[in-house]
>>> print(open('entry.txt').read())   # compact mmCIF, C-alpha atoms
# COMPACT_ATOMS: atom_id res chain seq x y z
CA MET A 1 7.29 16.79 20.92
CA HIS A 2 3.48 16.99 21.00
CA ALA A 3 3.52 20.78 21.08
CA ARG A 4 6.01 20.92 18.21
CA ILE A 5 3.85 18.62 16.11
CA ARG A 6 0.74 20.67 16.83
CA ALA A 7 2.66 23.83 15.93
CA GLY A 8 3.46 22.29 12.53
CA GLU A 9 7.21 22.38 13.06
CA PRO A 10 8.73 20.59 10.06
CA GLU A 11 11.61 19.10 12.01
CA ALA A 12 9.14 17.55 14.47
CA PHE A 13 7.52 15.77 11.52
CA ARG A 14 10.89 14.62 10.27
CA GLU A 15 11.53 13.07 13.69
CA LEU A 16 8.07 11.58 13.73
CA PHE A 17 8.69 10.00 10.33
CA ARG A 18 12.14 8.66 11.24
CA ASP A 19 10.88 7.14 14.46
CA HIS A 20 7.70 5.58 13.11
CA ALA A 21 7.90 5.01 9.33
CA GLN A 22 9.12 1.41 9.78
CA LEU A 23 6.36 0.65 12.27
CA VAL A 24 3.67 2.00 9.96
CA HIS A 25 5.18 0.23 6.94
CA ARG A 26 5.45 -3.14 8.68
CA HIS A 27 1.88 -2.81 9.93
CA ALA A 28 0.62 -1.83 6.47
CA VAL A 29 2.37 -4.71 4.66
CA ARG A 30 1.02 -7.20 7.17
CA VAL A 31 -2.50 -5.87 6.84
CA THR A 32 -2.57 -5.41 3.05
CA GLY A 33 -0.01 -8.02 1.90
CA ASP A 34 0.97 -5.45 -0.73
CA TRP A 35 4.39 -3.73 -0.61
CA ALA A 36 3.54 -1.00 -3.12
CA MET A 37 0.29 -0.16 -1.35
CA ALA A 38 2.06 -0.18 2.01
CA GLN A 39 4.39 2.59 0.85
CA ASP A 40 1.36 4.64 -0.15
CA VAL A 41 -0.09 3.94 3.31
CA VAL A 42 3.12 5.27 4.89
CA SER A 43 2.94 8.47 2.84
CA LEU A 44 -0.78 8.90 3.42
CA THR A 45 -0.48 8.31 7.16
CA PHE A 46 2.09 11.08 7.57
CA LEU A 47 0.25 13.43 5.22
CA GLU A 48 -2.88 12.84 7.28
CA ALA A 49 -0.85 13.38 10.47
CA TRP A 50 0.18 16.75 9.08
CA ARG A 51 -3.41 17.61 8.20
CA LEU A 52 -4.74 16.49 11.59
CA ARG A 53 -1.84 17.77 13.71
CA ASP A 54 -4.19 20.01 15.74
CA ARG A 55 -5.93 16.93 17.09
CA LEU A 56 -2.88 15.43 18.78
CA ARG A 57 -3.56 15.47 22.51
CA ASP A 58 -1.10 15.43 25.37
CA GLU A 59 -1.89 11.89 26.41
CA GLY A 60 0.39 8.95 26.86
CA ASP A 61 4.13 8.82 26.39
CA GLY A 62 4.35 9.71 22.74
CA PRO A 63 2.54 10.21 19.44
CA ARG A 64 2.63 6.50 18.51
CA PRO A 65 -1.01 5.65 19.34
CA TRP A 66 -2.25 8.78 17.56
CA LEU A 67 -0.22 7.92 14.49
CA MET A 68 -1.27 4.27 14.44
CA GLY A 69 -4.88 5.41 14.77
CA ILE A 70 -4.37 7.50 11.65
CA ALA A 71 -2.73 4.53 9.89
CA THR A 72 -5.70 2.36 10.87
CA ASN A 73 -8.11 4.89 9.38
CA VAL A 74 -6.06 5.10 6.19
CA LEU A 75 -6.14 1.31 5.92
CA ARG A 76 -9.88 1.26 6.56
CA ASN A 77 -10.49 3.67 3.72
CA MET A 78 -7.57 3.94 1.34
CA THR A 79 -9.91 5.34 -1.28
CA ARG A 80 -10.83 8.39 0.76
CA ALA A 81 -7.25 9.08 1.90
CA ALA A 82 -5.83 8.65 -1.60
CA ARG A 83 -8.47 10.97 -3.01
CA ARG A 84 -7.73 13.60 -0.37
CA HIS A 85 -4.00 13.55 -1.05
CA GLU A 86 -4.06 12.61 -4.71
CA ARG A 87 -1.82 15.43 -5.83
CA ALA A 88 0.71 14.87 -3.07
CA LEU A 89 0.70 11.15 -3.80
CA SER A 90 1.39 11.80 -7.47
CA ARG A 91 4.55 13.61 -6.42
CA VAL A 92 6.00 10.62 -4.56
CA PRO A 93 9.26 9.74 -6.32
CA VAL A 94 8.94 7.00 -8.89
CA ARG A 95 9.98 3.56 -7.82
CA ASP A 96 10.52 0.25 -9.46
CA SER A 97 7.80 -2.27 -8.74
CA LEU A 98 10.41 -4.87 -7.93
CA PRO A 99 13.18 -4.50 -5.39
CA ASP A 100 16.62 -3.69 -6.78
CA PHE A 101 18.64 -6.33 -5.02
CA THR A 102 18.31 -10.06 -5.19
CA GLU A 103 18.70 -10.39 -1.45
CA GLU A 104 15.82 -8.01 -0.84
CA LEU A 105 13.70 -9.79 -3.42
CA VAL A 106 14.31 -13.18 -1.81
CA GLY A 107 13.54 -11.74 1.63
CA ARG A 108 10.39 -10.18 0.32
CA MET A 109 9.22 -13.43 -1.24
CA ALA A 110 9.79 -15.31 2.01
CA ASP A 111 7.93 -12.59 3.91
CA ALA A 112 5.16 -12.64 1.34
CA GLU A 113 4.49 -16.33 1.96
CA GLU A 114 4.36 -15.86 5.72
CA ILE A 115 2.25 -12.75 5.47
CA GLU A 116 -0.23 -14.37 3.12
CA ALA A 117 -0.63 -17.33 5.47
CA ALA A 118 -1.10 -14.99 8.43
CA ARG A 119 -3.56 -12.79 6.55
CA ALA A 120 -5.60 -15.80 5.45
CA ALA A 121 -5.91 -16.87 9.08
CA LEU A 122 -6.63 -13.35 10.27
CA ALA A 123 -9.39 -13.02 7.71
CA GLN A 124 -11.41 -15.40 9.88
CA LEU A 125 -11.82 -12.63 12.42
CA ARG A 126 -14.14 -9.64 12.29
CA ARG A 127 -12.56 -6.27 11.53
CA PRO A 128 -12.64 -4.87 15.09
CA GLU A 129 -10.92 -7.99 16.38
CA ARG A 130 -8.48 -8.00 13.49
CA GLU A 131 -7.49 -4.38 14.11
CA VAL A 132 -6.89 -4.94 17.80
CA PHE A 133 -4.95 -8.11 17.08
CA THR A 134 -2.65 -6.50 14.50
CA LEU A 135 -2.03 -3.40 16.62
CA CYS A 136 -1.41 -5.21 19.91
CA VAL A 137 0.12 -8.53 18.91
CA TRP A 138 1.96 -7.69 15.70
CA SER A 139 2.81 -4.01 16.20
CA GLY A 140 3.33 -4.23 19.96
CA LEU A 141 0.96 -1.52 21.18
CA GLY A 142 -0.19 -1.78 24.78
CA TYR A 143 -3.88 -1.96 25.58
CA ALA A 144 -4.08 1.73 26.46
CA GLU A 145 -2.26 2.66 23.27
CA ALA A 146 -4.53 0.49 21.11
CA ALA A 147 -7.53 1.98 22.87
CA GLU A 148 -6.31 5.48 22.08
CA ALA A 149 -5.49 4.55 18.49
CA LEU A 150 -8.95 3.10 17.90
CA GLY A 151 -10.86 5.59 20.04
CA VAL A 152 -12.42 2.89 22.23
CA PRO A 153 -12.23 2.11 25.97
CA VAL A 154 -9.41 -0.13 27.19
CA GLY A 155 -11.98 -2.73 28.25
CA THR A 156 -13.15 -2.98 24.66
CA VAL A 157 -9.62 -3.68 23.45
CA ARG A 158 -9.35 -6.41 26.06
CA SER A 159 -12.64 -8.02 25.14
CA ARG A 160 -11.92 -7.88 21.42
CA LEU A 161 -8.57 -9.60 21.95
CA SER A 162 -10.25 -12.15 24.13
CA ARG A 163 -12.80 -12.87 21.40
CA ALA A 164 -10.02 -13.08 18.82
CA ARG A 165 -8.20 -15.64 20.95
CA ALA A 166 -11.31 -17.74 21.46
CA ARG A 167 -12.11 -17.68 17.76
CA LEU A 168 -8.56 -18.53 16.67
CA ARG A 169 -8.35 -21.38 19.19
CA LYS A 170 -11.62 -22.78 17.93
CA LEU A 171 -10.43 -22.62 14.34
CA ALA A 172 -7.11 -24.22 15.24
CA ALA A 173 -8.87 -27.04 17.10
CA LYS A 174 -11.14 -27.61 14.12
CA GLU A 175 -8.14 -27.78 11.81
CA LEU A 176 -6.44 -30.24 14.16
CA ARG A 177 -9.50 -32.52 14.23
CA LYS A 178 -9.55 -32.48 10.44
CA ARG A 179 -5.90 -33.47 10.28
CA ARG A 180 -6.29 -36.28 12.82
CA SER A 181 -9.25 -37.58 10.94
CA ALA A 182 -7.30 -37.46 7.67
CA ALA A 183 -4.35 -39.27 9.33
CA ARG A 184 -6.68 -42.01 10.61
CA ASP A 185 -8.02 -42.47 7.11
CA GLY A 186 -4.47 -42.89 5.86
CA GLU A 187 -4.27 -39.59 4.00
CA PRO A 188 -1.10 -37.56 4.34
CA PRO A 189 -1.60 -34.41 6.40
CA LEU A 190 -1.91 -31.23 4.38
CA GLY A 191 0.87 -28.66 4.19
CA ASP A 192 3.05 -30.34 6.79
CA GLY A 193 6.48 -29.12 7.78
CA GLN A 194 6.06 -25.37 8.17
CA VAL A 195 6.30 -25.08 11.90
CA GLN A 196 7.61 -21.76 13.04
CA GLY A 197 10.68 -21.42 15.20
CA GLY A 198 10.14 -21.12 18.91
CA ARG A 199 6.78 -22.78 18.99
CA THR A 200 6.07 -25.37 21.58
CA ASP A 201 2.49 -26.17 20.82
CA ALA A 202 2.83 -28.20 17.66
CA ALA A 203 -0.86 -28.95 17.40
CA ARG A 204 -1.78 -25.29 17.34
CA SER A 205 1.02 -24.17 15.13
CA LYS A 206 0.37 -26.83 12.54
CA GLY A 207 -3.20 -25.73 12.41
CA TRP A 208 -2.34 -22.84 10.15
CA ASN A 209 0.11 -24.38 7.72
CA ARG A 210 -0.99 -23.41 4.26
CA MET B 1 -6.21 -18.35 39.82
CA THR B 2 -8.83 -15.69 39.38
CA LEU B 3 -6.96 -13.33 41.66
CA ASP B 4 -3.75 -13.80 39.67
CA ARG B 5 -5.55 -12.83 36.52
CA ARG B 6 -6.90 -9.70 38.12
CA ARG B 7 -3.44 -8.61 39.17
CA ARG B 8 -2.04 -8.79 35.69
CA PRO B 9 -2.39 -5.44 33.93
CA GLU B 10 -2.72 -7.08 30.51
CA PRO B 11 -4.20 -10.50 31.16
CA LEU B 12 -3.95 -11.82 27.62
CA ASP B 13 -0.52 -13.12 26.78
CA HIS B 14 0.60 -11.61 23.47
CA ALA B 15 3.06 -14.43 22.86
CA GLU B 16 0.27 -16.92 23.18
CA LEU B 17 -1.93 -14.91 20.85
CA ALA B 18 0.89 -14.62 18.33
CA ARG B 19 1.27 -18.41 18.34
CA LEU B 20 -2.32 -18.78 17.19
CA LEU B 21 -1.38 -17.38 13.79
CA PRO B 22 1.53 -17.98 11.42
CA ALA B 23 4.41 -15.52 11.86
CA PRO B 24 3.55 -12.26 10.11
CA GLY B 25 6.93 -11.80 8.39
CA ASP B 26 9.23 -8.86 8.92
CA PRO B 27 8.61 -6.54 5.99
CA VAL B 28 11.21 -3.80 6.24
CA LEU B 29 11.02 -0.53 4.33
CA PRO B 30 14.36 -0.31 2.49
CA GLN B 31 16.58 2.52 3.67
CA ASP B 32 16.77 4.24 0.28
CA ARG B 33 13.00 4.18 -0.06
CA ARG B 34 12.53 5.44 3.48
CA LEU B 35 14.77 8.40 2.72
CA LEU B 36 12.84 9.17 -0.47
CA LEU B 37 9.51 9.06 1.36
CA GLU B 38 10.91 11.22 4.15
CA ASP B 39 12.15 13.73 1.59
CA HIS B 40 8.75 13.68 -0.09
CA LEU B 41 6.94 14.33 3.19
CA MET B 42 9.22 17.25 4.01
CA ARG B 43 8.71 18.76 0.58
CA GLU B 44 4.93 18.41 0.92
CA ILE B 45 4.99 20.06 4.33
CA GLN B 46 7.10 22.89 2.99
CA HIS B 47 4.77 23.15 0.01
CA HIS B 48 1.74 23.47 2.32
CA ARG B 49 3.44 26.04 4.50
CA ASN B 50 4.55 28.19 1.60
CA THR B 51 1.74 27.88 -0.90
CA PRO B 52 -1.50 26.54 0.54
CA ALA B 53 -3.15 26.82 -2.88
CA ALA B 54 -0.47 26.57 -5.50
CA PRO B 55 -1.50 26.86 -9.14
CA ALA B 56 -1.88 23.61 -11.00
CA ALA B 57 1.13 24.23 -13.20
CA ALA B 58 3.40 24.50 -10.18
CA ARG B 59 2.10 21.22 -8.83
CA ARG B 60 3.16 19.25 -11.85
CA SER B 61 5.28 16.26 -11.06
CA ARG B 62 9.00 16.60 -11.33
CA ARG B 63 8.93 13.19 -12.93
CA ARG B 64 8.09 14.68 -16.28
CA LEU B 65 9.98 12.96 -19.06
CA VAL B 66 9.03 14.69 -22.24
CA CYS B 67 10.01 12.94 -25.40
CA PHE B 68 7.92 14.69 -27.97
CA ALA B 69 10.51 14.04 -30.64
CA VAL B 70 9.72 10.37 -30.83
CA SER B 71 5.96 10.65 -30.90
CA GLY B 72 5.65 10.19 -34.65
CA ALA B 73 7.81 7.09 -34.71
CA LEU B 74 5.83 5.52 -31.90
CA VAL B 75 2.74 5.41 -34.07
CA ALA B 76 4.47 2.95 -36.33
CA LEU B 77 5.78 0.96 -33.37
CA ALA B 78 2.34 0.60 -31.88
CA GLY B 79 1.32 -1.34 -34.94
CA GLY B 80 -0.54 1.44 -36.68
CA ALA B 81 -2.54 2.41 -33.63
CA VAL B 82 -4.53 5.55 -34.19
CA ALA B 83 -3.02 7.25 -31.20
CA ALA B 84 0.23 9.04 -31.44
CA THR B 85 2.17 8.88 -28.26
CA THR B 86 4.29 11.01 -26.09
CA LEU B 87 6.24 9.57 -23.24
CA MET B 88 5.74 11.84 -20.33
CA GLY B 89 5.33 11.55 -16.61
CA GLY B 90 3.31 14.73 -16.11
CA SER B 91 -0.36 15.23 -16.66
CA PRO B 92 -1.71 17.43 -19.42
CA ALA B 93 -4.80 19.44 -18.67
CA ALA B 94 -8.01 17.44 -18.68
CA GLU B 95 -7.90 16.55 -22.34
CA PRO B 96 -10.77 14.48 -23.65
CA ASN B 97 -8.41 12.70 -26.01
CA SER B 98 -5.66 11.65 -23.64
CA VAL B 99 -5.03 8.54 -21.60
CA ARG B 100 -2.46 7.79 -18.93
CA CYS B 101 -0.92 4.36 -19.35
CA TYR B 102 0.49 3.29 -15.98
CA SER B 103 3.34 0.79 -15.67
CA ALA B 104 2.01 -0.66 -12.39
CA ALA B 105 -1.31 -0.70 -10.56
CA VAL B 106 -0.43 2.15 -8.20
CA LEU B 107 -0.94 5.87 -8.66
CA THR B 108 2.71 6.55 -7.93
CA ALA B 109 3.97 4.30 -10.72
CA GLU B 110 5.53 5.76 -13.85
CA TYR B 111 3.07 6.29 -16.62
CA SER B 112 3.05 7.29 -20.23
CA GLY B 113 0.64 9.84 -21.64
CA THR B 114 -1.00 8.93 -24.91
CA THR B 115 -2.65 11.64 -26.93
CA MET B 116 -4.38 12.05 -30.23
CA ALA B 117 -2.79 15.45 -30.73
CA ALA B 118 -0.10 14.10 -33.01
CA ALA B 119 -2.21 11.40 -34.57
CA ALA B 120 -1.19 10.02 -37.90
CA GLU B 121 -2.58 11.71 -40.95
CA GLY B 122 -6.06 10.54 -41.70
CA ALA B 123 -6.70 9.20 -38.23
CA PRO B 124 -10.26 9.54 -37.03
CA SER B 125 -10.95 12.61 -34.98
CA THR B 126 -12.75 10.76 -32.21
CA ASP B 127 -10.96 10.77 -28.91
CA ILE B 128 -9.35 7.62 -27.60
CA ALA B 129 -10.81 8.06 -24.13
CA ALA B 130 -14.36 7.88 -25.46
CA THR B 131 -14.47 4.11 -25.09
CA VAL B 132 -12.90 1.59 -22.77
CA SER B 133 -11.55 -0.37 -25.70
CA GLY B 134 -10.05 2.79 -27.22
CA ALA B 135 -8.18 3.65 -24.04
CA VAL B 136 -7.06 0.08 -23.41
CA ASN B 137 -5.91 -0.43 -27.01
CA ALA B 138 -3.89 2.78 -26.95
CA CYS B 139 -2.00 1.58 -23.88
CA ALA B 140 -1.76 -2.00 -25.15
CA GLY B 141 0.21 -0.60 -28.08
CA LEU B 142 2.78 0.86 -25.71
CA TRP B 143 3.07 -2.38 -23.76
CA GLU B 144 3.39 -4.33 -26.98
CA ALA B 145 6.17 -2.02 -28.11
CA ALA B 146 7.91 -2.59 -24.75
CA LEU B 147 7.84 1.16 -24.12
CA ILE B 148 6.01 0.31 -20.93
CA GLN B 149 7.38 -2.57 -18.93
CA PRO B 150 6.25 -3.73 -15.49
CA GLY B 151 6.93 -0.86 -13.12
CA ARG B 152 8.77 1.40 -15.55
CA LEU B 153 8.85 3.27 -18.80
CA VAL B 154 11.57 2.77 -21.36
CA ALA B 155 12.60 5.73 -23.48
CA PRO B 156 13.37 4.70 -27.04
CA THR B 157 16.59 5.85 -28.64
CA VAL B 158 16.71 7.21 -32.14
CA GLU B 159 19.90 7.24 -34.21
CA PRO B 160 19.97 10.06 -36.76
CA GLY B 161 18.64 8.52 -39.93
CA GLY B 162 18.50 5.13 -38.26
CA PRO B 163 15.75 3.01 -36.81
CA LEU B 164 14.10 3.67 -33.49
CA THR B 165 15.27 1.15 -30.95
CA ILE B 166 14.03 0.27 -27.53
CA PRO B 167 16.56 -0.69 -24.88
CA ASP B 168 16.01 -4.10 -23.33
CA ALA B 169 13.26 -4.86 -25.82
CA THR B 170 14.03 -8.54 -25.77
CA PRO B 171 11.36 -11.02 -26.76
CA GLY B 172 8.75 -11.38 -24.07
CA LYS B 173 9.25 -7.90 -22.65
CA GLY B 174 6.66 -6.53 -24.98
CA LYS B 175 4.00 -8.78 -23.51
CA VAL B 176 0.69 -6.99 -23.01
CA PRO B 177 -0.74 -7.67 -19.53
CA PRO B 178 -4.48 -7.59 -18.79
CA LEU B 179 -5.39 -3.91 -18.61
CA THR B 180 -8.06 -2.09 -16.65
CA ALA B 181 -9.31 1.40 -17.50
CA CYS B 182 -10.20 3.85 -14.74
CA VAL B 183 -10.97 7.57 -14.58
CA ARG B 184 -8.94 9.99 -12.51
CA ASP B 185 -10.56 12.73 -10.46
CA ASP B 186 -9.58 15.28 -13.07
CA GLY B 187 -11.52 13.31 -15.66
CA GLU B 188 -8.55 11.83 -17.45
CA ALA B 189 -8.63 8.16 -18.39
CA ALA B 190 -5.98 6.00 -16.68
CA VAL B 191 -5.15 2.45 -17.73
CA PHE B 192 -3.43 0.13 -15.26
CA PRO B 193 -2.01 -3.38 -15.63
CA GLY B 194 -4.22 -5.85 -13.77
CA LYS B 195 -7.69 -7.25 -14.03
CA ASP B 196 -9.02 -7.24 -10.48
CA ARG B 197 -12.61 -6.09 -10.34
CA GLY B 198 -11.83 -3.70 -7.51
CA LEU B 199 -8.63 -2.31 -9.06
CA CYS B 200 -10.02 1.18 -9.80
CA GLN B 201 -11.84 1.38 -6.49
CA ASN B 202 -8.73 0.36 -4.55
CA LEU B 203 -6.91 3.26 -6.16
CA GLY B 204 -9.69 5.66 -5.28
CA LEU B 205 -10.76 5.95 -8.90
CA ALA B 206 -13.93 5.31 -10.86
CA ARG B 207 -13.98 2.75 -13.64
CA LEU B 208 -13.97 4.05 -17.17
CA VAL B 209 -17.15 3.46 -19.10
CA ASP B 210 -17.98 4.15 -22.74
CA ARG B 211 -19.32 7.59 -23.45
CA PRO B 212 -23.04 7.30 -24.23
>>> encode(input="entry.txt", output="structure tokens")
Amino acid sequence: MHARIRAGEPEAFRELFRDHAQLVHRHAVRVTGDWAMAQDVVSLTFLEAWRLRDRLRDEGDGPRPWLMGIATNVLRNMTRAARRHERALSRVPVRDSLPDFTEELVGRMADAEEIEAARAALAQLRRPEREVFTLCVWSGLGYAEAAEALGVPVGTVRSRLSRARARLRKLAAKELRKRRSAARDGEPPLGDGQVQGGRTDAARSKGWNR
Amino acid sequence: MTLDRRRRPEPLDHAELARLLPAPGDPVLPQDRRLLLEDHLMREIQHHRNTPAAPAAARRSRRRLVCFAVSGALVALAGGAVAATTLMGGSPAAEPNSVRCYSAAVLTAEYSGTTMAAAAEGAPSTDIAATVSGAVNACAGLWEAALIQPGRLVAPTVEPGGPLTIPDATPGKGKVPPLTACVRDDGEAAVFPGKDRGLCQNLGLARLVDRP
């Protein structure tokens, strides 16, 4: 697969797109909170993959880390990527801004609320920590894959995640203290009732209800 | 305890980390859109392989919707705006007197081209892209006439000898959103719905400023 991508074989890129477009899209929506922009990120990521196909190395099990590294760079600087591929982007088929089906629209609205809450919380982290968190925890990359995607040593990925965890725990604890204090003063807790399924640590999970 | 940690290849538990934030949703790319984007990528790859430096004319968007016939009537619809209008999805050459009016704040959204070329008799010869207000007003006329609606363009229909009508032009659809004027790389003015300060920058464009 790697050799076919490097050789610029169109069918290899079709496979690459089919296997990874959802992953890139999901990642982009979660990072940007913007469905329209996320579709541009998908297009730009694969256009950049085509442009940079020579740089794919025979490391790891597949092209996923390489591709997610490209997606991360596109997300870091949409301006530059959009400028580079402006003409190609202008040829993307026209779409409606709103989804066609009610079911999709409702799903998107529900997702939008969750994503906004998650993004607001994530914004408390620094960019390096945020990138590692989204790649590893939300997009399921292993440490080695995230390291390859970001071009950093595995130890750095580990330490960034560790810092992210410490920071998020601290923020959650702070939120919890605020709520307890409000409850003692007889005020109703803010934004109660949005506990996610499968959580066991109510104190932590309630910390981010918004 | 310490030894256990060392043995684990990835000592930080992702599930635990995930619990520290709200769920991030499950935003799926719809199948029809995925197929369109895949088709687009394949066409771009083929395009690069065949013609690394295709002439500009060949790169024009296939989205072109030329409706020159209605341009005169649109002047009246836009409330006497100085700009005559053509509804088209393609870009003219870098004309100093043209503006792209986008239906959404993304470069891939449908847009309408507005040009002075067919301006009403007696209209001033200054170009509409010379000032921010000129560009914005030209596009505001199209929004007001409901020829541009959020995310799409609406082609008017003209009955022979009858009035020009706009499908779905129900009250409220002709609402003019806040508009922001940017400049494309080719120097053409582009007006998008939205008022975010970073709107142009997010699209990789410069903001439009008045010509000194």
>>> interface_residues(input="entry.txt", of="chain B", to="chain A", cutoff="7 Å", atoms="all atoms listed in the file", output="PyMOL selection string")
chain B and resi 14+17-29+36-38+40+42+44-45+61+107-110+151-152+201-204
>>> atom_distance(input="entry.txt", atom1="atom CA of A:Val41", atom2="atom CA of A:Ser139")
15.4 Å
>>> atom_distance(input="entry.txt", atom1="atom CA of A:Pro63", atom2="atom CA of A:Thr45")
12.8 Å
>>> closest_residue(input="entry.txt", among="A:Leu75, A:Ala183, A:Val132, A:Ala173", to="A:Gly151", atoms="only C-alpha atoms")
A:Val132
>>> atom_distance(input="entry.txt", atom1="atom CA of A:Pro128", atom2="atom CA of A:Gly62")
23.7 Å
